[in-house]
Structure formats: C-alpha cells, structure tokens
>>> print(open('target-v7.pdb').read())   # PDB, C-alpha atoms
ATOM      1  CA  MET A   1      70.212  13.395  34.882
ATOM      2  CA  GLY A   2      69.533  12.613  38.536
ATOM      3  CA  SER A   3      71.064   9.160  38.116
ATOM      4  CA  ALA A   4      74.426   7.636  37.248
ATOM      5  CA  VAL A   5      72.545   5.542  34.677
ATOM      6  CA  ALA A   6      70.740   7.407  31.891
ATOM      7  CA  VAL A   7      67.896   5.692  30.041
ATOM      8  CA  VAL A   8      67.108   6.440  26.400
ATOM      9  CA  THR A   9      64.180   5.202  24.326
ATOM     10  CA  ASP A  10      62.597   6.159  21.013
ATOM     11  CA  SER A  11      59.441   7.906  19.908
ATOM     12  CA  THR A  12      57.513   4.693  19.177
ATOM     13  CA  ALA A  13      57.147   4.133  22.931
ATOM     14  CA  TYR A  14      54.274   6.663  22.744
ATOM     15  CA  LEU A  15      54.409   7.529  26.403
ATOM     16  CA  PRO A  16      51.739   9.918  27.711
ATOM     17  CA  PRO A  17      52.772  13.583  27.859
ATOM     18  CA  GLY A  18      55.127  14.330  30.740
ATOM     19  CA  LEU A  19      55.712  10.711  31.715
ATOM     20  CA  ALA A  20      59.118  10.425  30.015
ATOM     21  CA  GLU A  21      60.291  13.654  31.631
ATOM     22  CA  ARG A  22      59.156  12.584  35.106
ATOM     23  CA  HIS A  23      61.164   9.386  34.775
ATOM     24  CA  GLY A  24      64.237  11.069  33.303
ATOM     25  CA  LEU A  25      63.832   9.326  29.944
ATOM     26  CA  THR A  26      65.347  10.807  26.795
ATOM     27  CA  VAL A  27      63.327  10.092  23.640
ATOM     28  CA  VAL A  28      64.954   9.887  20.196
ATOM     29  CA  PRO A  29      62.485  10.392  17.322
ATOM     30  CA  LEU A  30      62.113   8.100  14.345
ATOM     31  CA  GLN A  31      61.708   9.649  10.900
ATOM     32  CA  ILE A  32      58.622   9.800   8.696
ATOM     33  CA  ALA A  33      58.201  10.993   5.113
ATOM     34  CA  VAL A  34      54.822  12.238   3.880
ATOM     35  CA  GLY A  35      54.685  13.468   0.316
ATOM     36  CA  GLY A  36      58.451  13.228  -0.023
ATOM     37  CA  ALA A  37      59.369  15.504   2.909
ATOM     38  CA  THR A  38      61.145  13.714   5.785
ATOM     39  CA  ARG A  39      60.595  14.966   9.333
ATOM     40  CA  ASP A  40      61.012  13.785  12.885
ATOM     41  CA  GLU A  41      57.972  11.838  14.058
ATOM     42  CA  CYS A  42      57.332  14.426  16.754
ATOM     43  CA  ASP A  43      57.109  17.175  14.111
ATOM     44  CA  ILE A  44      54.137  15.730  12.220
ATOM     45  CA  SER A  45      50.658  15.534  13.684
ATOM     46  CA  THR A  46      48.801  12.266  13.837
ATOM     47  CA  ALA A  47      45.862  14.000  12.140
ATOM     48  CA  GLU A  48      48.034  14.927   9.163
ATOM     49  CA  ALA A  49      49.362  11.382   8.884
ATOM     50  CA  ALA A  50      45.894   9.864   9.259
ATOM     51  CA  GLN A  51      44.532  12.091   6.492
ATOM     52  CA  ALA A  52      47.358  11.007   4.205
ATOM     53  CA  LEU A  53      46.604   7.375   5.022
ATOM     54  CA  ARG A  54      42.916   7.799   4.278
ATOM     55  CA  GLU A  55      43.824   9.234   0.896
ATOM     56  CA  TRP A  56      46.382   6.440   0.370
ATOM     57  CA  HIS A  57      49.252   8.870  -0.092
ATOM     58  CA  PRO A  58      52.699   7.265   0.210
ATOM     59  CA  ILE A  59      54.107   7.372   3.741
ATOM     60  CA  THR A  60      57.454   5.884   4.640
ATOM     61  CA  THR A  61      59.204   5.551   7.980
ATOM     62  CA  SER A  62      62.856   5.161   8.883
ATOM     63  CA  ARG A  63      65.155   4.770  11.847
ATOM     64  CA  PRO A  64      66.972   7.687  13.451
ATOM     65  CA  ALA A  65      70.452   8.234  12.081
ATOM     66  CA  PRO A  66      73.243   6.911  14.316
ATOM     67  CA  GLU A  67      74.389  10.519  14.687
ATOM     68  CA  ARG A  68      71.157  11.350  16.513
ATOM     69  CA  PHE A  69      71.939   8.682  19.084
ATOM     70  CA  ALA A  70      75.559   9.803  19.283
ATOM     71  CA  ASP A  71      74.415  13.324  20.169
ATOM     72  CA  VAL A  72      72.048  12.018  22.862
ATOM     73  CA  TYR A  73      74.714   9.760  24.371
ATOM     74  CA  GLU A  74      77.196  12.647  24.419
ATOM     75  CA  ALA A  75      74.657  14.897  26.158
ATOM     76  CA  ALA A  76      73.881  12.227  28.764
ATOM     77  CA  ALA A  77      77.558  11.766  29.541
ATOM     78  CA  SER A  78      78.053  15.524  29.777
ATOM     79  CA  SER A  79      75.214  15.644  32.315
ATOM     80  CA  GLY A  80      76.948  13.129  34.547
ATOM     81  CA  ALA A  81      75.755   9.724  33.374
ATOM     82  CA  ARG A  82      78.382   7.040  33.763
ATOM     83  CA  HIS A  83      76.415   4.414  31.832
ATOM     84  CA  ILE A  84      73.513   4.536  29.376
ATOM     85  CA  VAL A  85      70.751   1.989  28.802
ATOM     86  CA  SER A  86      69.101   2.487  25.396
ATOM     87  CA  VAL A  87      65.769   0.633  25.033
ATOM     88  CA  HIS A  88      64.143   0.444  21.599
ATOM     89  CA  LEU A  89      61.483  -1.081  19.401
ATOM     90  CA  SER A  90      61.845  -4.541  17.952
ATOM     91  CA  ALA A  91      64.835  -5.022  15.655
ATOM     92  CA  ALA A  92      62.584  -7.193  13.488
ATOM     93  CA  LEU A  93      60.441  -4.137  12.733
ATOM     94  CA  SER A  94      63.044  -1.352  12.478
ATOM     95  CA  GLY A  95      66.737  -0.618  12.189
ATOM     96  CA  THR A  96      66.598   1.623  15.260
ATOM     97  CA  VAL A  97      68.425  -0.886  17.483
ATOM     98  CA  GLU A  98      71.162  -1.188  14.864
ATOM     99  CA  ALA A  99      71.550   2.610  14.716
ATOM    100  CA  ALA A 100      71.802   2.764  18.516
ATOM    101  CA  ARG A 101      74.447   0.039  18.533
ATOM    102  CA  LEU A 102      76.475   1.807  15.848
ATOM    103  CA  ALA A 103      76.426   5.004  17.906
ATOM    104  CA  SER A 104      77.310   3.157  21.094
ATOM    105  CA  ARG A 105      80.708   2.116  19.735
ATOM    106  CA  ASP A 106      82.111   5.629  20.014
ATOM    107  CA  ALA A 107      80.031   6.872  22.959
ATOM    108  CA  PRO A 108      81.981   8.540  25.787
ATOM    109  CA  VAL A 109      80.483   6.136  28.364
ATOM    110  CA  PRO A 110      79.377   2.495  28.094
ATOM    111  CA  VAL A 111      76.007   2.000  26.403
ATOM    112  CA  THR A 112      73.820  -1.097  26.801
ATOM    113  CA  VAL A 113      71.351  -1.350  23.901
ATOM    114  CA  VAL A 114      68.172  -3.350  24.571
ATOM    115  CA  ASP A 115      65.991  -4.775  21.815
ATOM    116  CA  SER A 116      62.594  -4.798  23.525
ATOM    117  CA  GLY A 117      61.107  -7.101  20.899
ATOM    118  CA  THR A 118      57.970  -4.964  20.886
ATOM    119  CA  ILE A 119      56.646  -1.495  20.076
ATOM    120  CA  GLY A 120      54.193   1.124  21.349
ATOM    121  CA  MET A 121      53.384   1.101  25.050
ATOM    122  CA  GLY A 122      54.931  -2.356  25.278
ATOM    123  CA  LEU A 123      58.226  -0.593  24.633
ATOM    124  CA  GLY A 124      57.079   2.292  26.822
ATOM    125  CA  PHE A 125      56.508   0.120  29.879
ATOM    126  CA  ALA A 126      59.883  -1.590  29.368
ATOM    127  CA  ALA A 127      61.645   1.772  29.191
ATOM    128  CA  LEU A 128      59.789   3.014  32.280
ATOM    129  CA  SER A 129      60.900  -0.065  34.233
ATOM    130  CA  ALA A 130      64.506   0.593  33.238
ATOM    131  CA  ALA A 131      64.171   4.246  34.243
ATOM    132  CA  ALA A 132      62.570   3.422  37.598
ATOM    133  CA  THR A 133      65.396   1.006  38.351
ATOM    134  CA  ALA A 134      68.006   3.610  37.436
ATOM    135  CA  LEU A 135      66.340   6.340  39.496
ATOM    136  CA  SER A 136      66.255   4.064  42.526
ATOM    137  CA  GLY A 137      70.027   3.652  42.323
ATOM    138  CA  GLY A 138      70.143   0.451  40.302
ATOM    139  CA  THR A 139      73.049  -0.462  38.071
ATOM    140  CA  ALA A 140      72.988  -0.350  34.291
ATOM    141  CA  GLU A 141      72.819  -4.142  34.282
ATOM    142  CA  SER A 142      69.779  -4.187  36.565
ATOM    143  CA  ALA A 143      68.063  -1.414  34.560
ATOM    144  CA  ALA A 144      68.584  -3.282  31.301
ATOM    145  CA  SER A 145      67.389  -6.523  32.906
ATOM    146  CA  ALA A 146      64.250  -4.771  34.148
ATOM    147  CA  ALA A 147      63.490  -3.584  30.616
ATOM    148  CA  VAL A 148      64.012  -7.047  29.149
ATOM    149  CA  ARG A 149      61.914  -8.743  31.825
ATOM    150  CA  ARG A 150      59.030  -6.257  31.526
ATOM    151  CA  ALA A 151      59.002  -6.628  27.754
ATOM    152  CA  GLU A 152      58.972 -10.419  28.051
ATOM    153  CA  LEU A 153      55.978 -10.313  30.408
ATOM    154  CA  THR A 154      54.023  -7.793  28.345
ATOM    155  CA  ARG A 155      51.501  -8.659  25.661
ATOM    156  CA  SER A 156      50.280  -6.302  22.959
ATOM    157  CA  LEU A 157      46.855  -7.001  21.431
ATOM    158  CA  ILE A 158      45.923  -5.133  18.259
ATOM    159  CA  TYR A 159      42.788  -4.591  16.206
ATOM    160  CA  VAL A 160      43.043  -3.032  12.741
ATOM    161  CA  ASP A 161      40.291  -2.098  10.316
ATOM    162  CA  THR A 162      42.355  -3.365   7.387
ATOM    163  CA  LEU A 163      45.610  -5.221   6.812
ATOM    164  CA  GLU A 164      46.387  -3.128   3.735
ATOM    165  CA  HIS A 165      48.599  -0.622   5.548
ATOM    166  CA  LEU A 166      50.691  -3.406   7.103
ATOM    167  CA  ARG A 167      50.980  -5.058   3.703
ATOM    168  CA  ARG A 168      52.068  -1.849   1.980
ATOM    169  CA  GLY A 169      54.598  -1.090   4.700
ATOM    170  CA  GLY A 170      56.137  -4.571   4.535
ATOM    171  CA  ARG A 171      55.410  -5.282   8.221
ATOM    172  CA  ILE A 172      52.594  -7.787   7.806
ATOM    173  CA  GLY A 173      54.687 -10.854   8.686
ATOM    174  CA  ALA A 174      52.718 -13.974   9.599
ATOM    175  CA  ALA A 175      49.446 -12.033   9.371
ATOM    176  CA  ALA A 176      49.785 -12.342   5.587
ATOM    177  CA  ASN A 177      47.830 -15.566   5.771
ATOM    178  CA  LEU A 178      44.749 -13.489   6.602
ATOM    179  CA  LEU A 179      44.992 -11.405   3.435
ATOM    180  CA  GLY A 180      42.891 -13.701   1.279
ATOM    181  CA  SER A 181      39.846 -13.002   3.426
ATOM    182  CA  ALA A 182      40.864  -9.539   4.567
ATOM    183  CA  LEU A 183      37.805  -7.864   3.070
ATOM    184  CA  MET A 184      35.486 -10.170   4.989
ATOM    185  CA  VAL A 185      37.126 -10.194   8.404
ATOM    186  CA  LYS A 186      38.447  -7.898  11.071
ATOM    187  CA  PRO A 187      41.856  -9.202  12.198
ATOM    188  CA  LEU A 188      43.170  -9.376  15.743
ATOM    189  CA  LEU A 189      46.951  -9.367  15.995
ATOM    190  CA  ASP A 190      49.723  -9.429  18.545
ATOM    191  CA  ILE A 191      53.497  -9.186  18.588
ATOM    192  CA  ALA A 192      55.329 -12.495  18.783
ATOM    193  CA  ASP A 193      59.090 -12.912  18.465
ATOM    194  CA  GLY A 194      59.315  -9.229  17.662
ATOM    195  CA  ARG A 195      56.974  -9.408  14.670
ATOM    196  CA  ILE A 196      53.300  -8.818  13.900
ATOM    197  CA  ALA A 197      51.414 -12.108  14.207
ATOM    198  CA  PRO A 198      47.758 -13.097  13.793
ATOM    199  CA  ILE A 199      45.642 -14.176  16.738
ATOM    200  CA  GLU A 200      42.302 -14.754  15.054
ATOM    201  CA  LYS A 201      39.865 -13.253  12.585
ATOM    202  CA  VAL A 202      36.416 -11.973  13.485
ATOM    203  CA  ARG A 203      33.537 -11.184  11.131
ATOM    204  CA  THR A 204      32.593  -7.688  12.301
ATOM    205  CA  SER A 205      34.310  -4.773  13.964
ATOM    206  CA  SER A 206      31.934  -4.846  16.960
ATOM    207  CA  ARG A 207      32.687  -8.516  17.584
ATOM    208  CA  ALA A 208      36.407  -7.916  17.094
ATOM    209  CA  LEU A 209      36.426  -5.124  19.676
ATOM    210  CA  ALA A 210      34.491  -7.271  22.139
ATOM    211  CA  ARG A 211      36.982 -10.074  21.572
ATOM    212  CA  LEU A 212      39.900  -7.644  22.049
ATOM    213  CA  GLU A 213      38.455  -6.760  25.460
ATOM    214  CA  GLU A 214      38.018 -10.422  26.414
ATOM    215  CA  LEU A 215      41.590 -11.260  25.432
ATOM    216  CA  ALA A 216      42.944  -8.342  27.459
ATOM    217  CA  VAL A 217      40.933  -9.322  30.549
ATOM    218  CA  ALA A 218      42.107 -12.926  30.254
ATOM    219  CA  GLU A 219      45.722 -11.885  29.770
ATOM    220  CA  ALA A 220      45.642  -9.684  32.872
ATOM    221  CA  GLY A 221      43.985 -12.326  35.041
ATOM    222  CA  ASP A 222      44.560 -11.678  38.736
ATOM    223  CA  ARG A 223      47.993 -10.140  38.256
ATOM    224  CA  ARG A 224      48.926  -6.568  39.129
ATOM    225  CA  VAL A 225      49.213  -4.964  35.714
ATOM    226  CA  ASP A 226      49.551  -1.652  33.967
ATOM    227  CA  LEU A 227      47.402  -1.193  30.887
ATOM    228  CA  GLY A 228      47.901   0.917  27.806
ATOM    229  CA  VAL A 229      44.966   1.512  25.468
ATOM    230  CA  GLN A 230      46.199   2.940  22.195
ATOM    231  CA  HIS A 231      44.343   4.039  19.098
ATOM    232  CA  LEU A 232      44.627   5.899  15.825
ATOM    233  CA  PHE A 233      41.788   8.317  15.221
ATOM    234  CA  ALA A 234      39.434   6.312  17.431
ATOM    235  CA  PRO A 235      39.372   8.234  20.751
ATOM    236  CA  ALA A 236      35.804   7.348  21.718
ATOM    237  CA  ARG A 237      36.424   3.643  21.191
ATOM    238  CA  ALA A 238      39.627   3.861  23.215
ATOM    239  CA  GLU A 239      38.029   5.659  26.164
ATOM    240  CA  THR A 240      35.105   3.226  26.213
ATOM    241  CA  LEU A 241      37.448   0.246  26.168
ATOM    242  CA  ALA A 242      39.657   1.734  28.891
ATOM    243  CA  ALA A 243      36.636   2.315  31.130
ATOM    244  CA  ARG A 244      35.478  -1.260  30.672
ATOM    245  CA  LEU A 245      38.947  -2.609  31.419
ATOM    246  CA  ARG A 246      39.170  -0.535  34.587
ATOM    247  CA  ASP A 247      35.950  -2.217  35.717
ATOM    248  CA  ARG A 248      36.910  -5.724  34.663
ATOM    249  CA  VAL A 249      40.623  -6.000  35.514
ATOM    250  CA  PRO A 250      40.717  -6.289  39.315
ATOM    251  CA  HIS A 251      44.363  -5.333  39.819
ATOM    252  CA  ALA A 252      44.924  -2.715  37.135
ATOM    253  CA  GLU A 253      47.312  -0.114  38.524
ATOM    254  CA  ASP A 254      47.910   2.557  35.882
ATOM    255  CA  VAL A 255      45.661   2.692  32.798
ATOM    256  CA  TYR A 256      46.998   4.964  30.067
ATOM    257  CA  VAL A 257      44.978   6.004  27.032
ATOM    258  CA  GLY A 258      46.706   7.605  24.092
ATOM    259  CA  GLU A 259      46.980   7.913  20.352
ATOM    260  CA  VAL A 260      49.827   6.219  18.529
ATOM    261  CA  GLY A 261      52.087   8.446  16.488
ATOM    262  CA  PRO A 262      52.463   8.504  12.731
ATOM    263  CA  VAL A 263      55.256   5.914  12.560
ATOM    264  CA  ILE A 264      53.011   3.137  13.883
ATOM    265  CA  GLY A 265      49.996   4.837  12.324
ATOM    266  CA  ALA A 266      51.524   4.510   8.864
ATOM    267  CA  HIS A 267      51.509   0.737   9.262
ATOM    268  CA  VAL A 268      48.221   0.086  11.086
ATOM    269  CA  GLY A 269      45.933   2.733   9.611
ATOM    270  CA  PRO A 270      43.054   4.793  11.056
ATOM    271  CA  GLY A 271      40.679   2.910  13.348
ATOM    272  CA  MET A 272      43.416   0.846  14.980
ATOM    273  CA  LEU A 273      42.812  -0.020  18.617
ATOM    274  CA  GLY A 274      45.283  -1.811  20.851
ATOM    275  CA  VAL A 275      45.656  -2.952  24.427
ATOM    276  CA  VAL A 276      49.017  -3.468  26.093
ATOM    277  CA  VAL A 277      48.916  -5.638  29.211
ATOM    278  CA  ALA A 278      52.090  -5.166  31.245
ATOM    279  CA  PRO A 279      52.388  -7.177  34.486
ATOM    280  CA  GLN A 280      54.340  -5.307  37.129
ATOM    281  CA  LEU A 281      57.757  -6.608  38.147
TER     282      LEU A 281
END
>>> encode(input="target-v7.pdb", output="structure tokens")
Amino acid sequence: MGSAVAVVTDSTAYLPPGLAERHGLTVVPLQIAVGGATRDECDISTAEAAQALREWHPITTSRPAPERFADVYEAAASSGARHIVSVHLSAALSGTVEAARLASRDAPVPVTVVDSGTIGMGLGFAALSAAATALSGGTAESAASAAVRRAELTRSLIYVDTLEHLRRGGRIGAAANLLGSALMVKPLLDIADGRIAPIEKVRTSSRALARLEELAVAEAGDRRVDLGVQHLFAPARAETLAARLRDRVPHAEDVYVGEVGPVIGAHVGPGMLGVVVAPQL
C-alpha cells in the first residue's frame, strides 16, 4: 500500500485514468443493469449506456454488495494497512455508504467510512485529499478529515439537456419543481445537502452553458482551485469549456476533463456537462 492508512473510494468518483493508482486509491465499482443484465460499472462502456439512454431502454443502478467492500478491506489489511478510510458518494443518492459501513463491522482493521455528500469529481477530489494525507504519513483521522473538508468546500455545477432521466431514476429531488416547464428550459443544478438541487432555469442550451461558465468562474474567485469538467457524450463542449476556464480562473491548478460513467450517466442523460470547483486545502 505504501501507507499505514489505505484509502478506498467508489467508481462514481470518475477519476482520470491512472490518477487513482498514483495516489494508492482502491476503487470499488457500483453496479448497473442494462437490458436486465447486471455488471460492474467499469465493465460497461459509456457509449453503450448512452445509446440505451437515447433509446429510452430501462437502466438501473445499485450499490456494491457489502461483500465487495469486505474483500477490498481484507486485501488492504493483508498488504499492511493498519487503518482504512473509505470515501463514497452521497448517502442521499445511493446505499454505497451503508454497504461500506456494513462491511466495516467485520473488517480485520478499523475502517472509517466517509459520506462525501457529493458525487463525480466532487467525490474524486475528496478521495484524493484523503489519499494525499495518508501518503504523507497522516493518520486515518486526518485523512478522513481532509476528505470531509474538501467535500464541504467543493461545489458541483451541472447542466442537463432534460430532467427526464433524473425523474425516471428517482434522483430528481428539489429539481422536481422545474418539471412543469422542463420542455421549455434548460436546467442548471448543483448538489446541496447531498441531493440534486436546482440553481436556475435558462431558455436555451447556449445560454445555459454560458451561465454554467459564469457560475464556475464566480465560485472559483481568486482561490487556488482544482477544476473538473465532466460530460456525457459531449466531448467538444467539455474541452471548449475547460479551455475557457483555464483562461478565466486565475489560480486554477489542475483542470481535469473526463466523461462520467454509466451510473451517473443513467440519471443525467447524454449532453450533460458539469463543472466541479474544488478549492485546495
């Protein structure tokens, strides 16, 4: 492991390739069912999931089984970890935290489970902060605190082409009040208190994307931040937005661009674009 404290997260962190490995993070996959066949999220391509969404085929997602966490905790302990910090997506959106806590009861070493209260690169940045603390010799308590603090500071801003996927997946939350005019507006959302929440509604997609950029720039301000630009089947939009943010955010450190996986994709739908603004600790 390279550290007395092992850090575990889940696949909805959507970290860029190689980043989890470089930080010693272990990633536990959530489950997704397309057409009745259940697979690990990492075993289904985003393109396959996006095609199913476009055709409105049923897609369901589920937490990892507690046994998956138990196996990961056992492996970490066998590799020399004396404590494990397990950082996961919001408990208000998934039972993943509950599964991790169930597994922690019989783990061979103490496990601290952290509900990040967020998802996507918001979770990713929190897990990376925990891992960096552990790799620098920090305690499990300090690693967990770093994850909690980073998640609290981070804001996730989300544009979706339609609210229908969130409605069908039961994750629409407070954004339900936009449904009456959903055909006439493009919604901007964020994550508040662990749930999807509306920010505002904009008449066209071009105006919504411009507003998404403005909100991200304002959120970053003059702080040293990391940025994550995430999308589903909208790579050109994502790269354009990332380039503009690099120019407009004076103290952006790392700017990651990546596609969300099918678990988030099943709930936001193709065309989604998001910006995660994560102030550095």
>>> residues_near_point(input="target-v7.pdb", point="(58.3, -9.1, 23.1)", cutoff="12 Å", atoms="only C-alpha atoms", output="PyMOL selection string")
chain A and resi 88-93+114-123+125-126+147-157+190-197+276-278
>>> write_last_selection(input="target-v7.pdb", atoms="C-alpha atoms", output="tab-separated table (two decimals), in the frame of the given file")
chain	number	residue	atom	x	y	z
A	88	HIS	CA	64.14	0.44	21.60
A	89	LEU	CA	61.48	-1.08	19.40
A	90	SER	CA	61.84	-4.54	17.95
A	91	ALA	CA	64.83	-5.02	15.66
A	92	ALA	CA	62.58	-7.19	13.49
A	93	LEU	CA	60.44	-4.14	12.73
A	114	VAL	CA	68.17	-3.35	24.57
A	115	ASP	CA	65.99	-4.78	21.82
A	116	SER	CA	62.59	-4.80	23.52
A	117	GLY	CA	61.11	-7.10	20.90
A	118	THR	CA	57.97	-4.96	20.89
A	119	ILE	CA	56.65	-1.50	20.08
A	120	GLY	CA	54.19	1.12	21.35
A	121	MET	CA	53.38	1.10	25.05
A	122	GLY	CA	54.93	-2.36	25.28
A	123	LEU	CA	58.23	-0.59	24.63
A	125	PHE	CA	56.51	0.12	29.88
A	126	ALA	CA	59.88	-1.59	29.37
A	147	ALA	CA	63.49	-3.58	30.62
A	148	VAL	CA	64.01	-7.05	29.15
A	149	ARG	CA	61.91	-8.74	31.82
A	150	ARG	CA	59.03	-6.26	31.53
A	151	ALA	CA	59.00	-6.63	27.75
A	152	GLU	CA	58.97	-10.42	28.05
A	153	LEU	CA	55.98	-10.31	30.41
A	154	THR	CA	54.02	-7.79	28.34
A	155	ARG	CA	51.50	-8.66	25.66
A	156	SER	CA	50.28	-6.30	22.96
A	157	LEU	CA	46.86	-7.00	21.43
A	190	ASP	CA	49.72	-9.43	18.55
A	191	ILE	CA	53.50	-9.19	18.59
A	192	ALA	CA	55.33	-12.50	18.78
A	193	ASP	CA	59.09	-12.91	18.46
A	194	GLY	CA	59.32	-9.23	17.66
A	195	ARG	CA	56.97	-9.41	14.67
A	196	ILE	CA	53.30	-8.82	13.90
A	197	ALA	CA	51.41	-12.11	14.21
A	276	VAL	CA	49.02	-3.47	26.09
A	277	VAL	CA	48.92	-5.64	29.21
A	278	ALA	CA	52.09	-5.17	31.24
>>> atom_distance(input="target-v7.pdb", atom1="atom CA of A:Ile84", atom2="atom CA of A:Gly18")
20.9 Å
>>> closest_residue(input="target-v7.pdb", among="A:Leu227, A:Cys42, A:Leu189, A:Ala81", to="A:Val111", atoms="only C-alpha atoms")
A:Ala81
>>> resolve_selection(input="target-v7.pdb", expression="the PyMOL selection byres ((chain A and resi 43) around 12)", output="count of residues only")
22
>>> resolve_selection(input="target-v7.pdb", expression="the PyMOL selection byres ((chain A and resi 63) around 7)", output="list in words")
Leu30, Gln31, Ser62, Pro64, Ala65, Ser94, Gly95 and Thr96 of chain A
>>> residues_around(input="target-v7.pdb", residues="A:Gly124", least_positions_apart="5", cutoff="9 Å", atoms="all atoms listed in the file", output="MDAnalysis selection string")
chainID A and resid 9:10 12:15 20 88 119 129
>>> resolve_selection(input="target-v7.pdb", expression="the PyMOL selection byres ((chain A and resi 235-243) around 8)", output="VMD selection string")
chain A and resid 213 229 to 234 244 to 247 255 257 259 273
>>> atom_distance(input="target-v7.pdb", atom1="atom CA of A:Ala266", atom2="atom CA of A:Val28")
18.4 Å
>>> axis_aligned_box(input="target-v7.pdb", around="stretch 249-253 of chain A", padding_each_side="3 Å", output="JSON")
{"center_x": 44.0, "center_y": -3.2, "center_z": 37.7, "size_x": 12.7, "size_y": 12.2, "size_z": 10.3}
>>> closest_residue(input="target-v7.pdb", among="A:Arg22, A:Gly269, A:Pro16, A:Val87", to="A:Leu135", atoms="only C-alpha atoms")
A:Arg22
>>> closest_residue(input="target-v7.pdb", among="A:Ala131, A:Ala4, A:Ala76, A:Val225", to="A:Ala252", atoms="all atoms listed in the file")
A:Val225
>>> residues_around(input="target-v7.pdb", residues="A:Val109", least_positions_apart="2", cutoff="6 Å", atoms="only C-alpha atoms", output="PDB file with C-alpha atoms, keeping the file's coordinate frame")
ATOM      1  CA  ARG A  82      78.382   7.040  33.763  1.00  0.00           C
ATOM      2  CA  HIS A  83      76.415   4.414  31.832  1.00  0.00           C
ATOM      3  CA  ALA A 107      80.031   6.872  22.959  1.00  0.00           C
TER       4      ALA A 107
END
>>> build_atoms(input="target-v7.pdb", residues="stretch 108-115 of chain A", atoms="all heavy atoms", output="PDB file, keeping the file's coordinate frame")
ATOM      1  N   PRO A 108      80.993   8.228  24.758  1.00  0.00           N
ATOM      2  CA  PRO A 108      81.981   8.540  25.787  1.00  0.00           C
ATOM      3  C   PRO A 108      81.838   7.708  27.054  1.00  0.00           C
ATOM      4  O   PRO A 108      82.751   7.703  27.887  1.00  0.00           O
ATOM      5  CB  PRO A 108      81.730  10.027  26.073  1.00  0.00           C
ATOM      6  CG  PRO A 108      80.326  10.262  25.645  1.00  0.00           C
ATOM      7  CD  PRO A 108      80.073   9.347  24.507  1.00  0.00           C
ATOM      8  N   VAL A 109      80.699   7.032  27.232  1.00  0.00           N
ATOM      9  CA  VAL A 109      80.483   6.136  28.364  1.00  0.00           C
ATOM     10  C   VAL A 109      79.887   4.839  27.822  1.00  0.00           C
ATOM     11  O   VAL A 109      79.365   4.810  26.702  1.00  0.00           O
ATOM     12  CB  VAL A 109      79.539   6.757  29.419  1.00  0.00           C
ATOM     13  CG1 VAL A 109      80.161   8.002  30.044  1.00  0.00           C
ATOM     14  CG2 VAL A 109      78.176   7.063  28.824  1.00  0.00           C
ATOM     15  N   PRO A 110      79.950   3.747  28.584  1.00  0.00           N
ATOM     16  CA  PRO A 110      79.377   2.495  28.094  1.00  0.00           C
ATOM     17  C   PRO A 110      77.875   2.621  27.843  1.00  0.00           C
ATOM     18  O   PRO A 110      77.154   3.265  28.605  1.00  0.00           O
ATOM     19  CB  PRO A 110      79.667   1.516  29.232  1.00  0.00           C
ATOM     20  CG  PRO A 110      80.813   2.113  29.977  1.00  0.00           C
ATOM     21  CD  PRO A 110      80.631   3.589  29.887  1.00  0.00           C
ATOM     22  N   VAL A 111      77.428   1.994  26.766  1.00  0.00           N
ATOM     23  CA  VAL A 111      76.007   2.000  26.403  1.00  0.00           C
ATOM     24  C   VAL A 111      75.539   0.553  26.255  1.00  0.00           C
ATOM     25  O   VAL A 111      76.139  -0.233  25.513  1.00  0.00           O
ATOM     26  CB  VAL A 111      75.756   2.754  25.084  1.00  0.00           C
ATOM     27  CG1 VAL A 111      74.260   2.715  24.721  1.00  0.00           C
ATOM     28  CG2 VAL A 111      76.250   4.188  25.166  1.00  0.00           C
ATOM     29  N   THR A 112      74.459   0.206  26.956  1.00  0.00           N
ATOM     30  CA  THR A 112      73.820  -1.097  26.801  1.00  0.00           C
ATOM     31  C   THR A 112      72.557  -0.894  25.976  1.00  0.00           C
ATOM     32  O   THR A 112      71.640  -0.181  26.391  1.00  0.00           O
ATOM     33  CB  THR A 112      73.442  -1.708  28.162  1.00  0.00           C
ATOM     34  OG1 THR A 112      74.624  -1.861  28.947  1.00  0.00           O
ATOM     35  CG2 THR A 112      72.766  -3.060  27.982  1.00  0.00           C
ATOM     36  N   VAL A 113      72.505  -1.496  24.790  1.00  0.00           N
ATOM     37  CA  VAL A 113      71.351  -1.350  23.901  1.00  0.00           C
ATOM     38  C   VAL A 113      70.442  -2.556  24.083  1.00  0.00           C
ATOM     39  O   VAL A 113      70.886  -3.708  24.005  1.00  0.00           O
ATOM     40  CB  VAL A 113      71.792  -1.219  22.435  1.00  0.00           C
ATOM     41  CG1 VAL A 113      70.570  -1.117  21.523  1.00  0.00           C
ATOM     42  CG2 VAL A 113      72.693   0.002  22.260  1.00  0.00           C
ATOM     43  N   VAL A 114      69.158  -2.291  24.331  1.00  0.00           N
ATOM     44  CA  VAL A 114      68.172  -3.350  24.571  1.00  0.00           C
ATOM     45  C   VAL A 114      67.176  -3.385  23.428  1.00  0.00           C
ATOM     46  O   VAL A 114      66.533  -2.370  23.119  1.00  0.00           O
ATOM     47  CB  VAL A 114      67.426  -3.108  25.903  1.00  0.00           C
ATOM     48  CG1 VAL A 114      66.322  -4.149  26.087  1.00  0.00           C
ATOM     49  CG2 VAL A 114      68.391  -3.134  27.070  1.00  0.00           C
ATOM     50  N   ASP A 115      67.056  -4.535  22.791  1.00  0.00           N
ATOM     51  CA  ASP A 115      65.991  -4.775  21.815  1.00  0.00           C
ATOM     52  C   ASP A 115      64.781  -5.266  22.600  1.00  0.00           C
ATOM     53  O   ASP A 115      64.773  -6.388  23.094  1.00  0.00           O
ATOM     54  CB  ASP A 115      66.451  -5.819  20.806  1.00  0.00           C
ATOM     55  CG  ASP A 115      65.364  -6.215  19.803  1.00  0.00           C
ATOM     56  OD1 ASP A 115      64.242  -5.656  19.870  1.00  0.00           O
ATOM     57  OD2 ASP A 115      65.638  -7.095  18.961  1.00  0.00           O
TER      58      ASP A 115
END
